[in-house]
Amino acid sequence: NITEDCERLFCETMKAAFLVERDAGRQKSRVMGARLERNSNSDSESGSESESQGVEIPRTGHHGGGGGAAVLEHGLTTPSPSPDGCRSYPRTGGVVKEYVEVFDYVGGARFRGFVAETADERSMFVFFDREVLGKDLKPGLMTLLELASSDEFKCSQLVICVDRFADEKDVKETTRDLGWVGFELAMLDGWSGHRGTISDTWLFFGMDV
């Protein structure tokens, strides 16, 4: 269950900022796979997924170029259809709007995260935990940037949550690479309502998309 998988990754700070119930609704989830294709045969490959729907998101030079495409694969059982072929489970209230799972078959990484929204901001948060750090993250990161800004999510910011307790070398290399791409250290002040909100478990790096 992607909802349970993601919520297990929440530290106490994130639970207080995002999971404190502000209404009686229960969070539902979106389960999504994103696959990077290095060549131009994504149409034929995605067509073979008989139980999935594919939505191709073009790769652009703004986030690093490359000739591939990201294909979203939805395997939802009782979805609500949307005009562009994507399916989602909307929530009637609360800060967390949906949970996201992204598979990058090029870099071999599985990303888990969520989309949170207030009246002023809509952001995608993605966990770079021990299972992710140490892999080739560039293809997946480019896809995450594109997904966050796509019509599917319409986020204004992508926030990467880096595991403080992962291998020290992997953490240093990942945070350095995020800085080169344009990410900056961030806090959760806007979500918690308190100044200087940081986590003992995660380092937050944000970038406007």
# chains A, B, ... in the order shown; residues from 1 in each chain; ligands from 1
call {"tool": "residues_around", "arguments": {"residues": "Glu12 of chain A", "least_positions_apart": "2", "cutoff": "12 Å", "atoms": "only C-alpha atoms", "output": "PDB file with all heavy atoms, in the first residue's frame"}}
result
ATOM      1  N   GLU A   7       3.829   6.943   4.504  1.00  0.00           N
ATOM      2  CA  GLU A   7       3.645   7.470   5.853  1.00  0.00           C
ATOM      3  C   GLU A   7       4.633   6.866   6.841  1.00  0.00           C
ATOM      4  O   GLU A   7       4.966   7.490   7.854  1.00  0.00           O
ATOM      5  CB  GLU A   7       2.206   7.262   6.310  1.00  0.00           C
ATOM      6  CG  GLU A   7       1.231   8.140   5.533  1.00  0.00           C
ATOM      7  CD  GLU A   7      -0.197   8.056   6.038  1.00  0.00           C
ATOM      8  OE1 GLU A   7      -0.448   7.275   6.996  1.00  0.00           O
ATOM      9  OE2 GLU A   7      -1.058   8.747   5.476  1.00  0.00           O
ATOM     10  N   ARG A   8       5.134   5.680   6.545  1.00  0.00           N
ATOM     11  CA  ARG A   8       6.181   5.100   7.395  1.00  0.00           C
ATOM     12  C   ARG A   8       7.474   5.900   7.291  1.00  0.00           C
ATOM     13  O   ARG A   8       8.306   5.852   8.203  1.00  0.00           O
ATOM     14  CB  ARG A   8       6.436   3.639   7.010  1.00  0.00           C
ATOM     15  CG  ARG A   8       5.474   2.651   7.661  1.00  0.00           C
ATOM     16  CD  ARG A   8       5.996   1.227   7.561  1.00  0.00           C
ATOM     17  NE  ARG A   8       5.973   0.748   6.197  1.00  0.00           N
ATOM     18  CZ  ARG A   8       4.982   0.068   5.652  1.00  0.00           C
ATOM     19  NH1 ARG A   8       3.914  -0.216   6.383  1.00  0.00           N
ATOM     20  NH2 ARG A   8       5.036  -0.343   4.400  1.00  0.00           N
ATOM     21  N   LEU A   9       7.654   6.616   6.198  1.00  0.00           N
ATOM     22  CA  LEU A   9       8.860   7.419   6.003  1.00  0.00           C
ATOM     23  C   LEU A   9       8.760   8.787   6.678  1.00  0.00           C
ATOM     24  O   LEU A   9       9.761   9.488   6.801  1.00  0.00           O
ATOM     25  CB  LEU A   9       9.134   7.607   4.506  1.00  0.00           C
ATOM     26  CG  LEU A   9       9.468   6.330   3.723  1.00  0.00           C
ATOM     27  CD1 LEU A   9       9.537   6.629   2.223  1.00  0.00           C
ATOM     28  CD2 LEU A   9      10.791   5.733   4.194  1.00  0.00           C
ATOM     29  N   PHE A  10       7.574   9.174   7.107  1.00  0.00           N
ATOM     30  CA  PHE A  10       7.393  10.471   7.745  1.00  0.00           C
ATOM     31  C   PHE A  10       8.061  10.469   9.127  1.00  0.00           C
ATOM     32  O   PHE A  10       7.812   9.581   9.940  1.00  0.00           O
ATOM     33  CB  PHE A  10       5.906  10.781   7.930  1.00  0.00           C
ATOM     34  CG  PHE A  10       5.222  11.315   6.700  1.00  0.00           C
ATOM     35  CD1 PHE A  10       5.341  10.674   5.490  1.00  0.00           C
ATOM     36  CD2 PHE A  10       4.446  12.454   6.757  1.00  0.00           C
ATOM     37  CE1 PHE A  10       4.704  11.147   4.355  1.00  0.00           C
ATOM     38  CE2 PHE A  10       3.794  12.943   5.648  1.00  0.00           C
ATOM     39  CZ  PHE A  10       3.924  12.301   4.443  1.00  0.00           C
ATOM     40  N   MET A  14       7.418  15.776  10.148  1.00  0.00           N
ATOM     41  CA  MET A  14       6.559  15.724   8.968  1.00  0.00           C
ATOM     42  C   MET A  14       5.150  15.277   9.326  1.00  0.00           C
ATOM     43  O   MET A  14       4.169  15.756   8.743  1.00  0.00           O
ATOM     44  CB  MET A  14       7.172  14.800   7.914  1.00  0.00           C
ATOM     45  CG  MET A  14       8.507  15.287   7.378  1.00  0.00           C
ATOM     46  SD  MET A  14       9.168  14.235   6.065  1.00  0.00           S
ATOM     47  CE  MET A  14       8.086  14.695   4.700  1.00  0.00           C
ATOM     48  N   LYS A  15       5.030  14.364  10.268  1.00  0.00           N
ATOM     49  CA  LYS A  15       3.694  13.943  10.707  1.00  0.00           C
ATOM     50  C   LYS A  15       2.913  15.127  11.259  1.00  0.00           C
ATOM     51  O   LYS A  15       1.728  15.301  10.975  1.00  0.00           O
ATOM     52  CB  LYS A  15       3.811  12.845  11.767  1.00  0.00           C
ATOM     53  CG  LYS A  15       4.284  11.503  11.238  1.00  0.00           C
ATOM     54  CD  LYS A  15       4.408  10.496  12.374  1.00  0.00           C
ATOM     55  CE  LYS A  15       4.908   9.157  11.862  1.00  0.00           C
ATOM     56  NZ  LYS A  15       5.097   8.184  12.968  1.00  0.00           N
ATOM     57  N   ALA A  16       3.604  15.952  12.063  1.00  0.00           N
ATOM     58  CA  ALA A  16       2.933  17.108  12.649  1.00  0.00           C
ATOM     59  C   ALA A  16       2.543  18.124  11.582  1.00  0.00           C
ATOM     60  O   ALA A  16       1.488  18.755  11.675  1.00  0.00           O
ATOM     61  CB  ALA A  16       3.839  17.763  13.694  1.00  0.00           C
ATOM     62  N   ALA A  17       3.393  18.273  10.559  1.00  0.00           N
ATOM     63  CA  ALA A  17       3.136  19.272   9.520  1.00  0.00           C
ATOM     64  C   ALA A  17       2.102  18.816   8.508  1.00  0.00           C
ATOM     65  O   ALA A  17       1.302  19.631   8.027  1.00  0.00           O
ATOM     66  CB  ALA A  17       4.445  19.619   8.803  1.00  0.00           C
ATOM     67  N   PHE A  18       2.091  17.509   8.187  1.00  0.00           N
ATOM     68  CA  PHE A  18       1.279  17.043   7.071  1.00  0.00           C
ATOM     69  C   PHE A  18       0.141  16.085   7.443  1.00  0.00           C
ATOM     70  O   PHE A  18      -0.853  16.019   6.720  1.00  0.00           O
ATOM     71  CB  PHE A  18       2.166  16.347   6.028  1.00  0.00           C
ATOM     72  CG  PHE A  18       3.182  17.255   5.408  1.00  0.00           C
ATOM     73  CD1 PHE A  18       4.527  17.119   5.716  1.00  0.00           C
ATOM     74  CD2 PHE A  18       2.812  18.244   4.512  1.00  0.00           C
ATOM     75  CE1 PHE A  18       5.473  17.948   5.145  1.00  0.00           C
ATOM     76  CE2 PHE A  18       3.741  19.078   3.934  1.00  0.00           C
ATOM     77  CZ  PHE A  18       5.087  18.935   4.248  1.00  0.00           C
ATOM     78  N   LEU A  19       0.288  15.321   8.512  1.00  0.00           N
ATOM     79  CA  LEU A  19      -0.669  14.252   8.786  1.00  0.00           C
ATOM     80  C   LEU A  19      -1.649  14.558   9.902  1.00  0.00           C
ATOM     81  O   LEU A  19      -2.526  13.741  10.177  1.00  0.00           O
ATOM     82  CB  LEU A  19       0.078  12.947   9.111  1.00  0.00           C
ATOM     83  CG  LEU A  19       0.951  12.393   7.990  1.00  0.00           C
ATOM     84  CD1 LEU A  19       1.542  11.052   8.411  1.00  0.00           C
ATOM     85  CD2 LEU A  19       0.170  12.244   6.692  1.00  0.00           C
ATOM     86  N   VAL A  20      -1.500  15.698  10.555  1.00  0.00           N
ATOM     87  CA  VAL A  20      -2.482  16.075  11.562  1.00  0.00           C
ATOM     88  C   VAL A  20      -3.792  16.334  10.847  1.00  0.00           C
ATOM     89  O   VAL A  20      -3.871  17.158   9.945  1.00  0.00           O
ATOM     90  CB  VAL A  20      -2.039  17.332  12.334  1.00  0.00           C
ATOM     91  CG1 VAL A  20      -3.159  17.818  13.244  1.00  0.00           C
ATOM     92  CG2 VAL A  20      -0.791  17.039  13.144  1.00  0.00           C
ATOM     93  N   SER A 192       4.299  23.888   8.514  1.00  0.00           N
ATOM     94  CA  SER A 192       4.116  23.654   9.947  1.00  0.00           C
ATOM     95  C   SER A 192       3.497  24.845  10.662  1.00  0.00           C
ATOM     96  O   SER A 192       2.901  24.685  11.731  1.00  0.00           O
ATOM     97  CB  SER A 192       5.468  23.338  10.602  1.00  0.00           C
ATOM     98  OG  SER A 192       6.306  24.497  10.599  1.00  0.00           O
ATOM     99  N   THR A 197      11.483  25.142  11.085  1.00  0.00           N
ATOM    100  CA  THR A 197      11.060  23.736  11.159  1.00  0.00           C
ATOM    101  C   THR A 197      11.953  22.862  10.297  1.00  0.00           C
ATOM    102  O   THR A 197      11.932  22.932   9.071  1.00  0.00           O
ATOM    103  CB  THR A 197       9.597  23.576  10.701  1.00  0.00           C
ATOM    104  OG1 THR A 197       8.754  24.423  11.485  1.00  0.00           O
ATOM    105  CG2 THR A 197       9.147  22.134  10.846  1.00  0.00           C
ATOM    106  N   ILE A 198      12.768  22.040  10.948  1.00  0.00           N
ATOM    107  CA  ILE A 198      13.641  21.099  10.258  1.00  0.00           C
ATOM    108  C   ILE A 198      13.354  19.698  10.793  1.00  0.00           C
ATOM    109  O   ILE A 198      12.544  19.517  11.700  1.00  0.00           O
ATOM    110  CB  ILE A 198      15.135  21.449  10.429  1.00  0.00           C
ATOM    111  CG1 ILE A 198      15.516  21.424  11.913  1.00  0.00           C
ATOM    112  CG2 ILE A 198      15.435  22.817   9.824  1.00  0.00           C
ATOM    113  CD1 ILE A 198      17.006  21.623  12.160  1.00  0.00           C
ATOM    114  N   SER A 199      14.032  18.718  10.229  1.00  0.00           N
ATOM    115  CA  SER A 199      13.820  17.327  10.606  1.00  0.00           C
ATOM    116  C   SER A 199      15.111  16.698  11.097  1.00  0.00           C
ATOM    117  O   SER A 199      16.187  16.995  10.578  1.00  0.00           O
ATOM    118  CB  SER A 199      13.283  16.541   9.404  1.00  0.00           C
ATOM    119  OG  SER A 199      13.333  15.149   9.632  1.00  0.00           O
ATOM    120  N   ASP A 200      14.991  15.829  12.084  1.00  0.00           N
ATOM    121  CA  ASP A 200      16.147  15.062  12.544  1.00  0.00           C
ATOM    122  C   ASP A 200      16.460  13.906  11.599  1.00  0.00           C
ATOM    123  O   ASP A 200      17.536  13.311  11.684  1.00  0.00           O
ATOM    124  CB  ASP A 200      15.893  14.498  13.939  1.00  0.00           C
ATOM    125  CG  ASP A 200      15.823  15.587  14.998  1.00  0.00           C
ATOM    126  OD1 ASP A 200      16.426  16.657  14.784  1.00  0.00           O
ATOM    127  OD2 ASP A 200      15.153  15.369  16.034  1.00  0.00           O
ATOM    128  N   THR A 201      15.528  13.582  10.708  1.00  0.00           N
ATOM    129  CA  THR A 201      15.668  12.417   9.831  1.00  0.00           C
ATOM    130  C   THR A 201      15.985  12.798   8.396  1.00  0.00           C
ATOM    131  O   THR A 201      16.736  12.098   7.721  1.00  0.00           O
ATOM    132  CB  THR A 201      14.365  11.587   9.846  1.00  0.00           C
ATOM    133  OG1 THR A 201      14.027  11.260  11.202  1.00  0.00           O
ATOM    134  CG2 THR A 201      14.521  10.318   9.033  1.00  0.00           C
ATOM    135  N   TRP A 202      15.448  13.926   7.930  1.00  0.00           N
ATOM    136  CA  TRP A 202      15.559  14.288   6.521  1.00  0.00           C
ATOM    137  C   TRP A 202      16.181  15.669   6.342  1.00  0.00           C
ATOM    138  O   TRP A 202      15.950  16.575   7.147  1.00  0.00           O
ATOM    139  CB  TRP A 202      14.178  14.299   5.855  1.00  0.00           C
ATOM    140  CG  TRP A 202      13.448  13.015   5.964  1.00  0.00           C
ATOM    141  CD1 TRP A 202      12.470  12.691   6.860  1.00  0.00           C
ATOM    142  CD2 TRP A 202      13.632  11.833   5.155  1.00  0.00           C
ATOM    143  NE1 TRP A 202      12.044  11.409   6.678  1.00  0.00           N
ATOM    144  CE2 TRP A 202      12.728  10.859   5.627  1.00  0.00           C
ATOM    145  CE3 TRP A 202      14.468  11.537   4.073  1.00  0.00           C
ATOM    146  CZ2 TRP A 202      12.643   9.593   5.062  1.00  0.00           C
ATOM    147  CZ3 TRP A 202      14.378  10.280   3.511  1.00  0.00           C
ATOM    148  CH2 TRP A 202      13.482   9.324   4.005  1.00  0.00           C
TER     149      TRP A 202
END
call {"tool": "residues_around", "arguments": {"residues": "segment 148-154 of chain A", "least_positions_apart": "2", "cutoff": "8 Å", "atoms": "only C-alpha atoms", "output": "list in words"}}
result
Ile57, Cys86, Val115, Arg122, Ser123, Met124, Leu144, Leu145, Glu146, Ser156, Gln157, Leu158 and Val209 of chain A
call {"tool": "atom_distance", "arguments": {"atom1": "atom CA of Phe103 of chain A", "atom2": "atom CA of Cys155 of chain A"}}
result
19.4 Å
call {"tool": "closest_residue", "arguments": {"among": "A:Ala116, A:Ala109, A:Ala166, A:Ile2", "to": "Asp136 of chain A", "atoms": "only C-alpha atoms"}}
result
A:Ala109
call {"tool": "atom_distance", "arguments": {"atom1": "atom CA of Pro139 of chain A", "atom2": "atom CA of Val126 of chain A"}}
result
14.5 Å
call {"tool": "atom_distance", "arguments": {"atom1": "atom CA of Val96 of chain A", "atom2": "atom CA of Glu184 of chain A"}}
result
22.4 Å
call {"tool": "residues_around", "arguments": {"residues": "segment 179-182 of chain A", "least_positions_apart": "6", "cutoff": "10 Å", "atoms": "only C-alpha atoms", "output": "ChimeraX atom specification"}}
result
/A:63-64,138,141-142,173,205-208
call {"tool": "closest_residue", "arguments": {"among": "A:Val132, A:Ile160, A:Ala119, A:Thr175", "to": "Met187 of chain A", "atoms": "only C-alpha atoms"}}
result
A:Ile160
